[in-house]
file my_file_34.csv (CSV, C-alpha atoms)
chain,number,residue,atom,x,y,z
T,1,THR,CA,0.0,0.0,0.0
T,2,GLN,CA,1.4,3.4,-1.0
T,3,LEU,CA,1.2,5.9,1.8
T,4,LEU,CA,1.9,9.6,2.1
T,5,GLU,CA,2.7,10.5,5.7
T,6,GLN,CA,2.4,14.1,6.7
T,7,SER,CA,4.0,15.6,9.8
T,8,PRO,CA,3.3,17.1,12.1
T,9,GLN,CA,-0.5,16.3,12.3
T,10,PHE,CA,-1.1,19.5,14.2
T,11,LEU,CA,0.8,22.7,14.6
T,12,SER,CA,0.0,25.8,16.6
T,13,ILE,CA,2.4,28.7,16.5
T,14,GLN,CA,2.5,32.4,17.0
T,15,GLU,CA,2.1,34.9,14.2
T,16,GLY,CA,5.5,35.8,12.7
T,17,GLU,CA,7.2,32.5,13.4
T,18,ASN,CA,8.6,30.3,10.6
T,19,LEU,CA,7.5,26.6,10.2
T,20,THR,CA,8.0,23.6,8.0
T,21,VAL,CA,5.7,20.7,7.4
T,22,TYR,CA,6.6,17.5,5.7
T,23,CYS,CA,5.1,14.9,3.3
T,24,ASN,CA,7.0,11.6,3.1
T,25,SER,CA,6.7,8.3,1.3
T,26,SER,CA,8.7,5.3,0.3
T,27,SER,CA,7.2,5.5,-3.2
T,28,VAL,CA,8.3,7.6,-6.1
T,29,PHE,CA,5.8,10.0,-7.5
T,30,SER,CA,5.5,11.6,-10.9
T,31,SER,CA,4.1,14.8,-9.4
T,32,LEU,CA,3.2,16.1,-6.0
T,33,GLN,CA,0.6,18.7,-5.2
T,34,TRP,CA,0.0,20.8,-2.1
T,35,TYR,CA,-3.5,22.0,-1.2
T,36,ARG,CA,-4.9,24.2,1.6
T,37,GLN,CA,-8.4,23.5,2.9
T,38,GLU,CA,-10.4,25.8,5.2
T,39,PRO,CA,-13.2,24.5,7.4
T,40,GLY,CA,-16.3,23.7,5.4
T,41,GLU,CA,-14.6,24.3,2.1
T,42,GLY,CA,-12.9,22.2,-0.6
T,43,PRO,CA,-9.1,22.0,-1.0
T,44,VAL,CA,-7.5,24.8,-3.0
T,45,LEU,CA,-4.4,23.9,-5.1
T,46,LEU,CA,-1.3,25.8,-4.0
T,47,VAL,CA,1.4,24.3,-6.1
T,48,THR,CA,2.5,21.3,-8.2
T,49,VAL,CA,6.0,20.0,-8.3
T,50,VAL,CA,7.2,17.5,-10.8
T,51,THR,CA,11.0,17.5,-11.0
T,52,GLY,CA,13.3,16.0,-8.3
T,53,GLY,CA,14.9,18.9,-6.3
T,54,GLU,CA,12.4,21.4,-7.6
T,55,VAL,CA,11.7,24.5,-5.4
T,56,LYS,CA,8.7,26.7,-6.0
T,57,LYS,CA,7.8,29.8,-4.1
T,58,LEU,CA,4.4,31.3,-3.6
T,59,LYS,CA,4.9,34.6,-1.6
T,60,ARG,CA,5.9,33.4,1.9
T,61,LEU,CA,5.4,29.7,1.1
T,62,THR,CA,8.3,27.7,-0.3
T,63,PHE,CA,7.7,24.2,-1.6
T,64,GLN,CA,10.4,21.6,-2.3
T,65,PHE,CA,10.3,18.2,-4.0
T,66,GLY,CA,12.9,15.7,-2.8
T,67,ASP,CA,15.7,14.7,-5.1
T,68,ALA,CA,14.3,11.2,-5.3
T,69,ARG,CA,10.7,12.4,-5.8
T,70,LYS,CA,9.6,10.6,-2.7
T,71,ASP,CA,9.0,13.5,-0.3
T,72,SER,CA,8.2,17.1,-0.1
T,73,SER,CA,8.3,20.0,2.3
T,74,LEU,CA,6.4,23.2,2.8
T,75,HIS,CA,8.1,26.1,4.5
T,76,ILE,CA,6.2,29.2,5.6
T,77,THR,CA,8.1,32.3,6.6
T,78,ALA,CA,6.6,34.8,9.0
T,79,ALA,CA,3.3,32.9,9.4
T,80,GLN,CA,0.1,35.0,9.5
T,81,PRO,CA,-3.4,34.1,10.8
T,82,GLY,CA,-4.6,33.8,7.2
T,83,ASP,CA,-2.3,30.8,6.8
T,84,THR,CA,-4.5,28.8,9.2
T,85,GLY,CA,-5.9,25.7,7.6
T,86,LEU,CA,-5.4,22.1,6.7
T,87,TYR,CA,-2.5,21.5,4.4
T,88,LEU,CA,-2.7,18.4,2.2
T,89,CYS,CA,-0.2,16.8,0.0
T,90,ALA,CA,-1.1,14.5,-2.8
T,91,GLY,CA,1.2,12.3,-4.9
T,92,GLU,CA,0.4,11.0,-8.3
T,93,ARG,CA,1.8,7.7,-9.5
T,94,ASP,CA,0.7,5.1,-12.2
T,95,ASP,CA,-2.5,6.9,-12.9
T,96,LYS,CA,-3.4,6.9,-9.2
T,97,ILE,CA,-3.5,9.7,-6.6
T,98,ILE,CA,-2.8,9.4,-2.9
T,99,PHE,CA,-3.6,12.1,-0.4
T,100,GLY,CA,-1.9,12.5,2.9
T,101,LYS,CA,-4.1,13.0,6.0
T,102,GLY,CA,-2.9,16.6,6.3
T,103,THR,CA,-1.3,19.0,8.7
T,104,ARG,CA,-3.7,21.2,10.6
T,105,LEU,CA,-2.0,24.5,11.1
T,106,HIS,CA,-3.2,27.2,13.5
T,107,ILE,CA,-1.5,30.6,13.6
T,108,LEU,CA,-2.2,32.5,16.8
T,109,PRO,CA,-2.5,36.3,16.4
L,110,ASP,CA,-12.2,32.3,-12.6
L,111,VAL,CA,-12.2,28.5,-12.2
L,112,LYS,CA,-15.5,27.2,-10.8
L,113,VAL,CA,-16.7,23.9,-9.5
L,114,THR,CA,-20.1,23.9,-7.9
L,115,GLN,CA,-21.9,21.2,-6.0
L,116,SER,CA,-25.7,21.1,-5.7
L,117,SER,CA,-26.0,21.1,-1.9
L,118,ARG,CA,-23.7,22.2,0.9
L,119,TYR,CA,-25.6,20.1,3.5
L,120,LEU,CA,-27.9,17.1,3.0
L,121,VAL,CA,-29.7,14.9,5.5
L,122,LYS,CA,-31.1,11.6,4.2
L,123,ARG,CA,-32.6,8.5,5.7
L,124,THR,CA,-31.1,5.0,5.5
L,125,GLY,CA,-32.2,3.3,2.3
L,126,GLU,CA,-33.0,6.5,0.3
L,127,LYS,CA,-31.5,7.0,-3.1
L,128,VAL,CA,-29.2,10.1,-3.0
L,129,PHE,CA,-28.0,12.2,-5.9
L,130,LEU,CA,-25.0,14.5,-5.6
L,131,GLU,CA,-24.5,16.8,-8.5
L,132,CYS,CA,-21.3,18.6,-9.6
L,133,VAL,CA,-20.9,21.1,-12.4
L,134,GLN,CA,-17.7,22.7,-13.7
L,135,ASP,CA,-17.3,25.6,-16.0
L,136,MET,CA,-13.7,25.1,-17.1
L,137,ASP,CA,-14.3,22.7,-20.0
L,138,HIS,CA,-12.3,20.1,-18.1
L,139,GLU,CA,-12.2,16.5,-19.5
L,140,ASN,CA,-11.6,14.9,-16.1
L,141,MET,CA,-13.9,14.9,-13.1
L,142,PHE,CA,-13.7,13.1,-9.8
L,143,TRP,CA,-15.6,12.3,-6.7
L,144,TYR,CA,-13.9,11.9,-3.3
L,145,ARG,CA,-15.1,11.4,0.2
L,146,GLN,CA,-13.3,12.9,3.2
L,147,ASP,CA,-13.4,11.5,6.6
L,148,PRO,CA,-11.5,12.4,9.8
L,149,GLY,CA,-8.4,10.2,10.2
L,150,LEU,CA,-8.8,8.8,6.7
L,151,GLY,CA,-8.2,11.8,4.5
L,152,LEU,CA,-9.5,12.0,1.0
L,153,ARG,CA,-10.4,8.8,-0.8
L,154,LEU,CA,-11.2,8.5,-4.5
L,155,ILE,CA,-14.6,7.0,-5.2
L,156,TYR,CA,-15.0,7.3,-9.0
L,157,PHE,CA,-13.5,9.4,-11.8
L,158,SER,CA,-14.4,10.1,-15.4
L,159,TYR,CA,-12.1,10.9,-18.3
L,160,ASP,CA,-14.8,11.9,-20.7
L,161,VAL,CA,-18.5,12.0,-21.3
L,162,LYS,CA,-20.1,8.6,-20.6
L,163,MET,CA,-16.8,7.2,-19.3
L,164,LYS,CA,-16.1,6.2,-15.8
L,165,GLU,CA,-13.4,4.5,-13.8
L,166,LYS,CA,-13.6,3.0,-10.3
L,167,GLY,CA,-11.4,4.6,-7.7
L,168,ASP,CA,-10.3,3.2,-4.4
L,169,ILE,CA,-13.7,2.9,-2.7
L,170,PRO,CA,-16.5,2.5,-5.3
L,171,GLU,CA,-18.7,0.0,-3.4
L,172,GLY,CA,-22.1,1.4,-2.7
L,173,TYR,CA,-21.8,4.2,-5.2
L,174,SER,CA,-22.4,4.8,-8.9
L,175,VAL,CA,-21.8,7.7,-11.2
L,176,SER,CA,-23.2,9.3,-14.3
L,177,ARG,CA,-21.6,11.7,-16.8
L,178,GLU,CA,-24.0,12.6,-19.6
L,179,LYS,CA,-22.5,16.0,-20.3
L,180,LYS,CA,-18.9,17.2,-20.1
L,181,GLU,CA,-19.6,19.8,-17.4
L,182,ARG,CA,-21.7,17.6,-15.1
L,183,PHE,CA,-20.7,14.6,-13.0
L,184,SER,CA,-23.2,13.0,-10.6
L,185,LEU,CA,-22.6,10.7,-7.7
L,186,ILE,CA,-25.4,8.3,-6.8
L,187,LEU,CA,-25.9,6.4,-3.6
L,188,GLU,CA,-28.4,3.7,-4.6
L,189,SER,CA,-29.4,2.9,-1.0
L,190,ALA,CA,-27.8,5.2,1.5
L,191,SER,CA,-26.4,3.8,4.7
L,192,THR,CA,-25.1,5.4,7.8
L,193,ASN,CA,-21.5,4.6,7.0
L,194,GLN,CA,-21.8,6.8,3.9
L,195,THR,CA,-22.2,9.8,6.2
L,196,SER,CA,-19.2,12.0,5.1
L,197,MET,CA,-18.0,15.1,3.3
L,198,TYR,CA,-18.2,14.5,-0.5
L,199,LEU,CA,-15.9,16.5,-2.7
L,200,CYS,CA,-16.1,16.9,-6.5
L,201,ALA,CA,-13.1,18.0,-8.5
L,202,SER,CA,-12.1,18.5,-12.1
L,203,SER,CA,-8.9,18.8,-14.1
L,204,PHE,CA,-7.5,19.3,-17.5
L,205,PRO,CA,-5.3,16.4,-18.5
L,206,VAL,CA,-2.2,18.5,-19.3
L,207,VAL,CA,0.3,15.9,-18.1
L,208,THR,CA,-1.5,13.2,-16.1
L,209,PRO,CA,-5.1,12.6,-15.1
L,210,PHE,CA,-4.9,14.0,-11.6
L,211,TYR,CA,-2.7,17.0,-12.4
L,212,GLU,CA,-3.9,20.1,-10.7
L,213,GLN,CA,-7.4,19.4,-9.6
L,214,TYR,CA,-9.9,22.1,-8.8
L,215,PHE,CA,-12.3,21.2,-6.0
L,216,GLY,CA,-15.9,22.2,-5.3
L,217,PRO,CA,-16.9,23.4,-1.8
L,218,GLY,CA,-18.1,20.0,-0.8
L,219,THR,CA,-21.4,18.4,0.3
L,220,ARG,CA,-21.7,17.3,3.9
L,221,LEU,CA,-24.1,14.3,3.8
L,222,THR,CA,-25.6,12.9,6.9
L,223,VAL,CA,-27.5,9.6,6.7
L,224,THR,CA,-29.7,8.8,9.7
call {"tool": "encode", "arguments": {"input": "my_file_34.csv", "output": "structure tokens"}}
result
Amino acid sequence: TQLLEQSPQFLSIQEGENLTVYCNSSSVFSSLQWYRQEPGEGPVLLVTVVTGGEVKKLKRLTFQFGDARKDSSLHITAAQPGDTGLYLCAGERDDKIIFGKGTRLHILP
Amino acid sequence: DVKVTQSSRYLVKRTGEKVFLECVQDMDHENMFWYRQDPGLGLRLIYFSYDVKMKEKGDIPEGYSVSREKKERFSLILESASTNQTSMYLCASSFPVVTPFYEQYFGPGTRLTVT
């Protein structure tokens, strides 16, 4: 069974702090996507990474795909209350998609 | 702006009822998907469709069927609802640029309760 494990499951930090969340697997993926989901809403796509070692930036968010395309990280600089939400990673492989269970992030003002 | 809409945000049905969940996208996407999301289990794929009248089983198709008569519309059907189908149902669509699941756009979800 292919698994995508996200860590930590929960994270609560003060506004202005930096943080990193992780998405790990023993499987190689052709692409990896990050989504943010707010309560009562559907996930919203943040970024897709496809190349090993790829780094993408979205304002204060930095996404990295591992060299072996098995893992990814999301780093947030100077977190703001608007970053609060459930962060999901999803890996695509062999015409299948696997979602991690998510990291629930809470930024305290 | 990209838009995926779902017919209901909240739905309460009784055990044994036939339930229809409707999803419409306005992006001319070929691919459409139905997921359910449960605490501790994450998102799980129920069915997806590559084109009109085409469907493929996902990871948990049991107890569900789908219909895609028009490109923009994808329906999920619970033939006889059961309490273990209480969940958040999410519809998504994508344009098959690279692979089927590349960059999906999700609707707001339907929270279904079966009593």
call {"tool": "interface_residues", "arguments": {"input": "my_file_34.csv", "of": "chain L", "to": "chain T", "cutoff": "7 Å", "atoms": "all atoms listed in the file", "output": "list of chain:residue names"}}
result
L:Gly149, L:Leu150, L:Gly151, L:Leu152, L:Leu199, L:Pro209, L:Phe210, L:Glu212, L:Tyr214, L:Phe215, L:Gly216, L:Pro217, L:Gly218
call {"tool": "atom_distance", "arguments": {"input": "my_file_34.csv", "atom1": "atom CA of L:Met197", "atom2": "atom CA of L:Glu181"}}
result
21.3 Å
call {"tool": "atom_distance", "arguments": {"input": "my_file_34.csv", "atom1": "atom CA of L:Thr114", "atom2": "atom CA of L:Ile186"}}
result
16.5 Å
call {"tool": "residues_around", "arguments": {"input": "my_file_34.csv", "residues": "L:Tyr119", "least_positions_apart": "4", "cutoff": "7 Å", "atoms": "only C-alpha atoms", "output": "mmCIF file with C-alpha atoms, in the frame of the given file"}}
result
data_model
loop_
_atom_site.group_PDB
_atom_site.id
_atom_site.type_symbol
_atom_site.label_atom_id
_atom_site.label_comp_id
_atom_site.auth_asym_id
_atom_site.auth_seq_id
_atom_site.Cartn_x
_atom_site.Cartn_y
_atom_site.Cartn_z
ATOM 1 C CA THR L 219 -21.400 18.400 0.300
ATOM 2 C CA ARG L 220 -21.700 17.300 3.900
ATOM 3 C CA LEU L 221 -24.100 14.300 3.800
#
call {"tool": "residues_around", "arguments": {"input": "my_file_34.csv", "residues": "stretch 8-11 of chain T", "least_positions_apart": "3", "cutoff": "10 Å", "atoms": "only C-alpha atoms", "output": "list in words"}}
result
Glu5, Leu19, Thr20, Val21, Tyr22, Cys23, Thr84, Leu86, Tyr87, Lys101, Gly102, Thr103, Arg104, Leu105, His106 and Ile107 of chain T
call {"tool": "residues_around", "arguments": {"input": "my_file_34.csv", "residues": "T:Gln80", "least_positions_apart": "6", "cutoff": "9 Å", "atoms": "all atoms listed in the file", "output": "ChimeraX atom specification"}}
result
/T:14-17,107-109
call {"tool": "atom_distance", "arguments": {"input": "my_file_34.csv", "atom1": "atom CA of T:Gln64", "atom2": "atom CA of T:Phe29"}}
result
13.5 Å
call {"tool": "residues_near_point", "arguments": {"input": "my_file_34.csv", "point": "(-22.3, 18.7, -3.0)", "cutoff": "6 Å", "atoms": "all atoms listed in the file", "output": "VMD selection string"}}
result
chain L and resid 115 to 118 130 218 to 219
call {"tool": "axis_aligned_box", "arguments": {"input": "my_file_34.csv", "around": "stretch 131-136 of chain L", "padding_each_side": "4 Å", "output": "lines of an AutoDock Vina configuration file"}}
result
center_x = -19.1
center_y = 21.2
center_z = -12.8
size_x = 18.8
size_y = 16.8
size_z = 16.6
call {"tool": "residues_around", "arguments": {"input": "my_file_34.csv", "residues": "stretch 158-166 of chain L", "least_positions_apart": "2", "cutoff": "7 Å", "atoms": "only C-alpha atoms", "output": "ChimeraX atom specification"}}
result
/L:139-142,155-156,168,170,177-180
